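Participant: Here it is, the structure, as structure tokens.
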Amino acid sequence: MSRTPRKTKNQNPDGETIDTVELTPKQAEQAAMAAAAKRAKAETIGRYVAMFAMPLIIVGMMVTGNLGTMHAPAPHNMPIAVVVDATAGSPAASEFARQLEAADPAAIDVRIVDSAETARQLVMDRDVSGAVSIADGGATVFTASSAGASQSTVVTSLVAPQILAQGLTLASEDLAPLPTNDPAGLGALFLATALVMAGYLPFSMVVSNSPELLRFKRAIPLLAGWAALVASLVWTVTGPILGVVEGHTAAVLGIAWLGVFAIGSVQLLLTRFLGPMATLAAMLFLNVLGMPASNMSMSVYTMPGFFTFLHSILPTPAIGEALRSVLYFEGEGTAAHLLVLVIGGVAALLSTLLVDARRRRRKPQSTGPKPTIASLHGGPRPKSRRMRYGALLLLPLAMVTMMISVMLGAMSSPAPRDMPVAIVGTTVAQAQQAADGLETNMPGLFDLRPVDSTSEARDQVADRDITAAYVLPSAENPSATMITNQAGSSSAKQVVTRVFEQVAAGQQMPLVTEELAPLKSNDTSGSVGMYLAMGWMLAGFMIIIVGANAAPQSRPLPRLLPVVGVYAAFMSAVLYLIAGPITGSMDDHFWPIFGIGAVAIFCVAMFSAVLERLMGMFSIIPVVGILVMAGMPSSGGALSIYMAPDIFRVLHGILPMPAAVESIRSVLYFGADTVPGHLLTFGIWGAASLGLLMIIDKIKPPRTELHPIDGYGPVAPATEKELVSV
């Protein structure tokens, strides 16, 4: 028989009399159970929120950074030298300098020099982006493609109109052409990207799995050894294996070691303050801000203004420019960039020592952070430290290897390979004869297809069945015509235009260009689809990895499917907002982009869930390898698929990343003409993955609690902060 609660009168610390209720034992037990249930419910909600929050932060940050800086790069304050010889008196040069700066004052920073030799040296020292010397009725444009192929193009596009407007003859001189073994200048770019990844990845995982390795006396020797291993790896792959880097062995090894060690030292310091959240800081400064400031893929003078300042202080530009100096400029200018790495690394190490000393004084008995992720393979924590530490080594090593081998191997020597181009004549026989002659001079570059109808060729170009059409001159039209599709592939248009301009010049006939689908003003590089598609891929993958560690109770399919369904719609809408209103890189088309994005994210999540069931966090390796490392070169987003190795042309019709890029491209420029076929690709990946998940779960039901860690007791699911390292 239970008693009713009894009221009693007590005094609080201030001496006031208050009424309190004395609960019966059963009522106290019920109250405790209710409070525990309330806390459990709040914790569950919080962990599901974390499933959404972490992908939102990381993917949103990456996509915003890329689209905000890369969708429509435009020059600003680009330094260009103009030779004005005061002693000889050169009114043409003075007038040209005045008009060049007046044409677009925000775009160009004109610097007057007194001799062509000085101008050349400034270009070679990379103090200016280009230079112009006017003499004898002509103008010579000095550039250095090894300092950035895109920068040379921008310089020429800025000065050429003014040169021609003054009736001067235009000539170009490349003072530092790219080597034949690295014709696109991507060697330094991908080396820097891989080294940056190698710098921050290891400690990002150590802090959650084996934090004892973060003790200073252990971390520094491990970091030094890791830096040496990565330096040897990237040199071996880029040098003896791929042949992108020739010579400069000691310099490349030294820069690689210093870059990884310096970034790792800073990351070690950040873990002292931020724990696993240090990964977010690394991504922000090394990727989101570091890549646009690096001056590697695009000139820093085409990025927003503050990136020119970041170029001089961030490690990503320092590593990239140091490698560029060694590989292409005989080491000139390397010291300043190495100094950035040395100062950053030394300052980070000294600061870490000071932080550790202060913490030892304040908490001498502290044992440091506790591990929150039992294992990387998804099973029980390995009993052997060697197994556990080996797993920590394998994951970042595999990521760096894929970056430097697959990505660089696919894109280091972009050249047309059987690129389909129609040759249009008044008859098929005439077109065939012209095609045979061109094939003799350009074997293997193009798949030349004879056509006798300009309208038919135009339709094939518009449908992207061919990349371009070259219309031979006729009695009615004495000029040759190049029909192109820039929105279909900007890189393909550049190649065919450049090659067939030379063909027309060799035949001494003018060439007229007819563009069927020009890129929009807010997508001048044609990269919007690629970056948005990348966001879809990362979003689909991250919800599974984060959910498996933050809310493992979500893993069974009856719970996972509705969660991923809601998440896919949420992230698709968010990524559209980033691409549209936030960065201004996309106009309209909300519903089709939103719908395709939701389908893509959901299907990628199902594929990722299959591998996560089998491999735990190690699923990062095959998922990133398939979706990103193989998906990027085969997508046609950054480079025409006809300029990549043949295997990527096959993967173009199979992988989700190409389907995503082509779907967005189709919606933005071609009335969604090919979307159904790409949705079928997503559907196959999603349905097949869902079927495999059902089979796997039937054989071995998914675990809904994390494995315990010996010596630390049971491990609760990782918190939002702890999951950033994933």
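In the structure tokens, chains take letters A, B, ... by order of appearance, with residues numbered from 1 within each chain and ligands from 1 in the order shown.
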Give me the residues near stretch 638-648 of chain A as a PyMOL selection string, where near means some atom within 7 Å (using only C-alpha atoms) and where sequence neighbours in that chain fewer than 6 positions away do not count.
Facilitator: chain A and resi 410-411+414-419+489+491-492+527
Participant: Next, write the just-selected residues to a file, as an mmCIF file, in the first residue's frame, keeping C-alpha atoms as the atom set.
Facilitator:
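Ended up saving to selection.cif:
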data_model
loop_
_atom_site.group_PDB
_atom_site.id
_atom_site.type_symbol
_atom_site.label_atom_id
_atom_site.label_comp_id
_atom_site.auth_asym_id
_atom_site.auth_seq_id
_atom_site.Cartn_x
_atom_site.Cartn_y
_atom_site.Cartn_z
ATOM 1 C CA ALA A 410 44.138 10.631 -65.152
ATOM 2 C CA MET A 411 44.626 14.357 -65.640
ATOM 3 C CA PRO A 414 45.234 16.055 -71.065
ATOM 4 C CA ALA A 415 45.179 15.520 -74.812
ATOM 5 C CA PRO A 416 42.351 14.580 -77.178
ATOM 6 C CA ARG A 417 41.987 10.847 -77.743
ATOM 7 C CA ASP A 418 39.545 9.915 -80.519
ATOM 8 C CA MET A 419 37.520 13.057 -79.774
ATOM 9 C CA SER A 489 32.424 20.718 -72.523
ATOM 10 C CA SER A 491 37.756 22.019 -72.381
ATOM 11 C CA ALA A 492 36.704 20.177 -75.555
ATOM 12 C CA SER A 527 32.446 24.167 -63.142
#
Participant: May I have the residues within 10 Å of A:Ala600 as a list in words, using only C-alpha atoms and disregarding those fewer than 5 positions away in the same chain?
Facilitator: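 Here the qualifying residues turn out to be Ala533, Trp536, Met537, Ala539, Gly540, Ala568, Ser572, Phe594, Gly595, Ala605, Pro656, Met657, Ala659, Ala660, His678, Leu679, Thr681, Phe682, Gly683, Trp685 and Gly686 of chain A.
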Participant: Next, the residues of the selection above should be written as an mmCIF file, in the first residue's frame with C-alpha atoms.
Facilitator:
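This is the output file result.cif:
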data_model
loop_
_atom_site.group_PDB
_atom_site.id
_atom_site.type_symbol
_atom_site.label_atom_id
_atom_site.label_comp_id
_atom_site.auth_asym_id
_atom_site.auth_seq_id
_atom_site.Cartn_x
_atom_site.Cartn_y
_atom_site.Cartn_z
ATOM 1 C CA ALA A 533 27.674 17.171 -57.917
ATOM 2 C CA TRP A 536 25.843 15.510 -53.517
ATOM 3 C CA MET A 537 28.418 12.717 -53.423
ATOM 4 C CA ALA A 539 26.577 14.478 -48.543
ATOM 5 C CA GLY A 540 25.365 10.970 -49.370
ATOM 6 C CA ALA A 568 18.541 13.765 -48.785
ATOM 7 C CA SER A 572 19.646 18.898 -51.691
ATOM 8 C CA PHE A 594 16.391 19.726 -55.996
ATOM 9 C CA GLY A 595 14.756 16.502 -57.153
ATOM 10 C CA ALA A 605 23.963 6.916 -49.108
ATOM 11 C CA PRO A 656 27.171 8.288 -59.991
ATOM 12 C CA MET A 657 29.470 11.326 -60.222
ATOM 13 C CA ALA A 659 25.520 11.057 -63.867
ATOM 14 C CA ALA A 660 25.275 13.932 -61.398
ATOM 15 C CA HIS A 678 21.036 9.603 -65.549
ATOM 16 C CA LEU A 679 18.212 9.056 -63.050
ATOM 17 C CA THR A 681 21.906 5.242 -63.320
ATOM 18 C CA PHE A 682 21.172 6.528 -59.817
ATOM 19 C CA GLY A 683 18.246 4.140 -59.533
ATOM 20 C CA TRP A 685 23.004 2.063 -57.829
ATOM 21 C CA GLY A 686 20.356 2.726 -55.180
#
Participant: Give me, as a list in words, all polymer residues having an atom no more than 9 Å from A:Leu223, counting only C-alpha atoms and skipping those fewer than 6 positions away in the same chain.
Facilitator: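 In the requested format, the answer is Gly199, Pro202, Val260, Phe261, Gly264 and Ser265 of chain A.
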Participant: Deliver the residues from the most recent selection as a file, using N, CA and C atoms, as a PDB file, in the first residue's frame.
Facilitator:
ATOM      1  N   GLY A 199      49.121  16.005 -44.311  1.00  0.00           N
ATOM      2  CA  GLY A 199      49.488  16.772 -43.139  1.00  0.00           C
ATOM      3  C   GLY A 199      48.437  16.759 -42.048  1.00  0.00           C
ATOM      4  N   PRO A 202      46.205  12.332 -40.413  1.00  0.00           N
ATOM      5  CA  PRO A 202      46.538  11.367 -39.359  1.00  0.00           C
ATOM      6  C   PRO A 202      46.105  11.784 -37.961  1.00  0.00           C
ATOM      7  N   VAL A 260      54.477  18.364 -45.016  1.00  0.00           N
ATOM      8  CA  VAL A 260      53.689  17.466 -44.172  1.00  0.00           C
ATOM      9  C   VAL A 260      53.995  17.703 -42.700  1.00  0.00           C
ATOM     10  N   PHE A 261      55.272  17.857 -42.364  1.00  0.00           N
ATOM     11  CA  PHE A 261      55.653  18.056 -40.963  1.00  0.00           C
ATOM     12  C   PHE A 261      55.103  19.376 -40.425  1.00  0.00           C
ATOM     13  N   GLY A 264      51.291  19.067 -40.044  1.00  0.00           N
ATOM     14  CA  GLY A 264      51.024  18.174 -38.926  1.00  0.00           C
ATOM     15  C   GLY A 264      51.312  18.834 -37.591  1.00  0.00           C
ATOM     16  N   SER A 265      52.347  19.660 -37.516  1.00  0.00           N
ATOM     17  CA  SER A 265      52.675  20.365 -36.271  1.00  0.00           C
ATOM     18  C   SER A 265      51.566  21.336 -35.882  1.00  0.00           C
TER      19      SER A 265
END
Participant: Could you check the closest approach to A:Phe307 for each of A:Ser115, A:Thr69, A:Ser490, A:Thr426 and tell me which residue wins, using only C-alpha atoms?
Facilitator: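 Going through A:Ser115, A:Thr69, A:Ser490, A:Thr426 one by one, the smallest distance to A:Phe307 is for A:Thr69.
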Participant: Which neighbours of stretch 695-712 of chain A fall inside 7 Å, counting only C-alpha atoms, when residues of the same chain fewer than 5 positions from it are skipped, and could you give them as a list of chain:residue names?
Facilitator: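 Non-adjacent residues within range: A:Ala374, A:Pro380, A:Arg381, A:Pro552, A:Gln553, A:Arg555, A:Pro556, A:Pro717.
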Participant: The selected residues should be written to file as an mmCIF file, in the first residue's frame (atoms: N, CA and C atoms).
Facilitator:
data_model
loop_
_atom_site.group_PDB
_atom_site.id
_atom_site.type_symbol
_atom_site.label_atom_id
_atom_site.label_comp_id
_atom_site.auth_asym_id
_atom_site.auth_seq_id
_atom_site.Cartn_x
_atom_site.Cartn_y
_atom_site.Cartn_z
ATOM 1 N N ALA A 374 36.064 3.081 -31.130
ATOM 2 C CA ALA A 374 36.764 1.857 -30.742
ATOM 3 C C ALA A 374 37.695 1.355 -31.830
ATOM 4 N N PRO A 380 35.183 -5.011 -32.924
ATOM 5 C CA PRO A 380 35.745 -4.742 -31.599
ATOM 6 C C PRO A 380 37.125 -4.096 -31.701
ATOM 7 N N ARG A 381 37.501 -3.413 -30.651
ATOM 8 C CA ARG A 381 38.808 -2.760 -30.627
ATOM 9 C C ARG A 381 39.909 -3.813 -30.667
ATOM 10 N N PRO A 552 24.272 5.106 -33.695
ATOM 11 C CA PRO A 552 24.261 3.747 -34.245
ATOM 12 C C PRO A 552 22.894 3.093 -34.204
ATOM 13 N N GLN A 553 21.989 3.603 -33.356
ATOM 14 C CA GLN A 553 20.645 3.053 -33.343
ATOM 15 C C GLN A 553 19.896 3.328 -34.645
ATOM 16 N N ARG A 555 21.076 2.582 -37.599
ATOM 17 C CA ARG A 555 21.613 1.722 -38.649
ATOM 18 C C ARG A 555 20.615 0.713 -39.218
ATOM 19 N N PRO A 556 19.705 0.118 -38.437
ATOM 20 C CA PRO A 556 18.744 -0.809 -39.046
ATOM 21 C C PRO A 556 17.925 -0.134 -40.145
ATOM 22 N N PRO A 717 27.906 6.521 -27.925
ATOM 23 C CA PRO A 717 28.079 7.001 -29.292
ATOM 24 C C PRO A 717 28.780 8.344 -29.310
#
Participant: Can you build me a table of stretch 617-672 of chain A residues sitting at most 12 Å from stretch 512-517 of chain A, with the closest atom pair per residue and its distance in Å to one decimal, using only C-alpha atoms, sorted by chain and residue number, as CSV?
Facilitator:
residue,atom,partner,partner_atom,distance
A:Arg665,CA,A:Ala517,CA,11.1
A:Ser666,CA,A:Ala517,CA,11.3
A:Leu668,CA,A:Ala517,CA,10.6
A:Tyr669,CA,A:Ala517,CA,7.1
A:Phe670,CA,A:Ala517,CA,8.3
A:Gly671,CA,A:Ala517,CA,11.6
Participant: Output the selection as a PDB file, in the first residue's frame - C-alpha atoms for each residue.
Facilitator:
ATOM      1  CA  ARG A 665      24.541  20.333 -67.127  1.00  0.00           C
ATOM      2  CA  SER A 666      21.475  19.025 -68.949  1.00  0.00           C
ATOM      3  CA  LEU A 668      21.073  24.248 -66.863  1.00  0.00           C
ATOM      4  CA  TYR A 669      21.738  24.318 -70.602  1.00  0.00           C
ATOM      5  CA  PHE A 670      19.851  21.674 -72.558  1.00  0.00           C
ATOM      6  CA  GLY A 671      16.290  21.516 -71.302  1.00  0.00           C
TER       7      GLY A 671
END
Participant: Using only C-alpha atoms, find the one residue out of A:Leu341, A:Met298, A:Leu280, A:Ala34 that sits nearest to A:Ser150.
Facilitator: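 Looking only at the distances to A:Ser150, the closest residue turns out to be A:Met298.
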Participant: What does the distance from atom CA of A:Pro382 to atom CA of A:Pro55 come to in Å, to one decimal?
Facilitator: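 Separation between atom CA of A:Pro382 and atom CA of A:Pro55: 28.3 Å.
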Participant: From the list A:Val421, A:Leu229, A:Leu268, A:Ile543, which residue is nearest A:Val355 when using only C-alpha atoms?
Facilitator: A:Leu268
Participant: To one decimal place, how far is atom CA of A:Ile112 from atom CA of A:Ala93 in Å?
Facilitator: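 Straight-line distance from atom CA of A:Ile112 to atom CA of A:Ala93 works out to 9.7 Å.
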Participant: One decimal, in Å: what's the spacing between atom CA of A:Arg359 and atom CA of A:Glu212?
Facilitator: 15.7 Å
Participant: Please extract the residues of stretch 478-676 of chain A with a backbone DSSP assignment of helix (DSSP H, G or I) and present them as a PyMOL selection string.
Facilitator: chain A and resi 490-506+528-550+552-554+557-582+590-629+631-635+641-643+646-651+656-669+675-676
Participant: When you look at A:Leu693 with a cut-off of 9 Å (counting only C-alpha atoms), what residues show up, excluding the ones that are within fewer than 5 positions of it in the same chain? I need them as a list in words.
Facilitator: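 The neighbour list is Leu557, Met606, Phe607, Ala609, Val610, Arg613, Ala688 and Lys698 of chain A.
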Participant: For the residues in that selection, give me C-alpha atoms as an mmCIF file, in the first residue's frame.
Facilitator:
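Output saved as again-v5.cif:
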data_model
loop_
_atom_site.group_PDB
_atom_site.id
_atom_site.type_symbol
_atom_site.label_atom_id
_atom_site.label_comp_id
_atom_site.auth_asym_id
_atom_site.auth_seq_id
_atom_site.Cartn_x
_atom_site.Cartn_y
_atom_site.Cartn_z
ATOM 1 C CA LEU A 557 17.003 -0.268 -42.383
ATOM 2 C CA MET A 606 22.615 3.407 -49.787
ATOM 3 C CA PHE A 607 25.823 2.451 -51.605
ATOM 4 C CA ALA A 609 25.817 1.958 -46.204
ATOM 5 C CA VAL A 610 26.674 -1.340 -47.899
ATOM 6 C CA ARG A 613 28.281 -2.530 -42.982
ATOM 7 C CA ALA A 688 21.246 -2.698 -56.042
ATOM 8 C CA LYS A 698 19.489 -10.735 -42.859
#
Participant: I'd like to know which of A:Asn295, A:Gln121, A:Ser635, A:Thr169 is closest to A:Glu332, using only C-alpha atoms.
Facilitator: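 Among the listed residues, A:Gln121 lies closest to A:Glu332.
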Participant: So, counting only C-alpha atoms, which residue among A:Leu692, A:Val207, A:Ala672, A:Val563 is closest to A:Met51?
Facilitator: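 Comparing A:Leu692, A:Val207, A:Ala672, A:Val563 against A:Met51, the winner is A:Val563.
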Participant: Give me the residues within 12 Å of A:Lys217 as a ChimeraX atom specification, counting only C-alpha atoms and dropping any in the same chain fewer than 6 places off.
Facilitator: /A:223-224,268,349,352-353,356
Participant: Could you turn the residues from that selection into a file that holds N, CA and C atoms, as a CSV table (one decimal), in the first residue's frame?
Facilitator:
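And here is the file that came out, again_11.csv:
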chain,number,residue,atom,x,y,z
A,223,LEU,N,55.3,11.9,-36.4
A,223,LEU,CA,55.1,12.9,-37.5
A,223,LEU,C,56.3,12.9,-38.4
A,224,ALA,N,57.5,13.0,-37.9
A,224,ALA,CA,58.7,13.0,-38.7
A,224,ALA,C,58.8,11.8,-39.6
A,268,LEU,N,48.6,19.3,-34.7
A,268,LEU,CA,48.8,18.9,-33.3
A,268,LEU,C,48.5,19.9,-32.3
A,349,LEU,N,55.0,24.1,-32.8
A,349,LEU,CA,55.7,23.2,-31.9
A,349,LEU,C,55.9,23.9,-30.5
A,352,THR,N,52.7,24.3,-28.7
A,352,THR,CA,52.2,23.1,-28.1
A,352,THR,C,52.9,22.8,-26.8
A,353,LEU,N,54.3,23.0,-26.8
A,353,LEU,CA,55.0,22.7,-25.6
A,353,LEU,C,54.5,23.6,-24.4
A,356,ASP,N,51.1,22.4,-23.2
A,356,ASP,CA,51.2,21.2,-22.4
A,356,ASP,C,51.8,21.5,-21.0
Participant: Could you write out, as a ChimeraX atom specification, all the residues of stretch 466-526 of chain A that DSSP marks as strand (DSSP E or B)?
Facilitator: /A:468-471,480-484,511-515
Participant: Could those selected residues go to a file with N, CA and C atoms, as a short mmCIF file (atom, residue, chain, number, x, y, z; two decimals), in the first residue's frame?
Facilitator:
data_model
loop_
_atom_site.label_atom_id
_atom_site.label_comp_id
_atom_site.auth_asym_id
_atom_site.auth_seq_id
_atom_site.Cartn_x
_atom_site.Cartn_y
_atom_site.Cartn_z
N ALA A 468 32.22 18.75 -81.75
CA ALA A 468 32.24 19.92 -82.63
C ALA A 468 32.09 19.45 -84.06
N ALA A 469 31.90 20.40 -84.96
CA ALA A 469 31.82 20.10 -86.40
C ALA A 469 32.61 21.15 -87.16
N TYR A 470 33.42 20.68 -88.10
CA TYR A 470 34.23 21.56 -88.95
C TYR A 470 33.63 21.55 -90.35
N VAL A 471 33.06 22.70 -90.72
CA VAL A 471 32.37 22.81 -92.00
C VAL A 471 33.34 23.35 -93.04
N ALA A 480 35.73 28.64 -93.67
CA ALA A 480 35.48 27.44 -92.88
C ALA A 480 34.73 27.84 -91.61
N THR A 481 33.89 26.93 -91.12
CA THR A 481 33.08 27.22 -89.93
C THR A 481 33.30 26.13 -88.89
N MET A 482 33.51 26.55 -87.65
CA MET A 482 33.66 25.62 -86.53
C MET A 482 32.41 25.73 -85.66
N ILE A 483 31.63 24.65 -85.59
CA ILE A 483 30.42 24.62 -84.77
C ILE A 483 30.78 23.96 -83.45
N THR A 484 30.59 24.67 -82.34
CA THR A 484 31.03 24.17 -81.03
C THR A 484 29.89 24.20 -80.02
N LEU A 511 38.49 31.33 -90.47
CA LEU A 511 37.66 30.39 -89.70
C LEU A 511 36.63 31.17 -88.89
N VAL A 512 35.38 30.82 -89.07
CA VAL A 512 34.28 31.43 -88.34
C VAL A 512 33.78 30.43 -87.30
N THR A 513 33.55 30.89 -86.08
CA THR A 513 33.07 30.01 -85.01
C THR A 513 31.59 30.25 -84.76
N GLU A 514 30.84 29.16 -84.71
CA GLU A 514 29.41 29.21 -84.40
C GLU A 514 29.19 28.47 -83.08
N GLU A 515 28.83 29.21 -82.04
CA GLU A 515 28.65 28.61 -80.72
C GLU A 515 27.17 28.31 -80.47
#
Participant: Using only C-alpha atoms, which protein or nucleic acid residues come within 8 Å of A:Val675? Drop anything in the same chain fewer than 5 positions from it, and give the result as a list in words.
Facilitator: Glu662, Ser663, Ser666 and Val667 of chain A
Participant: Generate the output file for the selected residues, N, CA and C atoms, as a PDB file, in the first residue's frame.
Facilitator:
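Writing the result to result.pdb gives the following:
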ATOM      1  N   GLU A 662      26.381  15.401 -65.445  1.00  0.00           N
ATOM      2  CA  GLU A 662      25.651  15.511 -66.710  1.00  0.00           C
ATOM      3  C   GLU A 662      24.192  15.887 -66.484  1.00  0.00           C
ATOM      4  N   SER A 663      23.611  15.456 -65.370  1.00  0.00           N
ATOM      5  CA  SER A 663      22.228  15.846 -65.063  1.00  0.00           C
ATOM      6  C   SER A 663      22.128  17.353 -64.846  1.00  0.00           C
ATOM      7  N   SER A 666      22.642  19.164 -68.080  1.00  0.00           N
ATOM      8  CA  SER A 666      21.475  19.025 -68.949  1.00  0.00           C
ATOM      9  C   SER A 666      20.361  19.971 -68.529  1.00  0.00           C
ATOM     10  N   VAL A 667      20.143  20.113 -67.214  1.00  0.00           N
ATOM     11  CA  VAL A 667      19.097  21.006 -66.720  1.00  0.00           C
ATOM     12  C   VAL A 667      19.440  22.463 -66.996  1.00  0.00           C
TER      13      VAL A 667
END
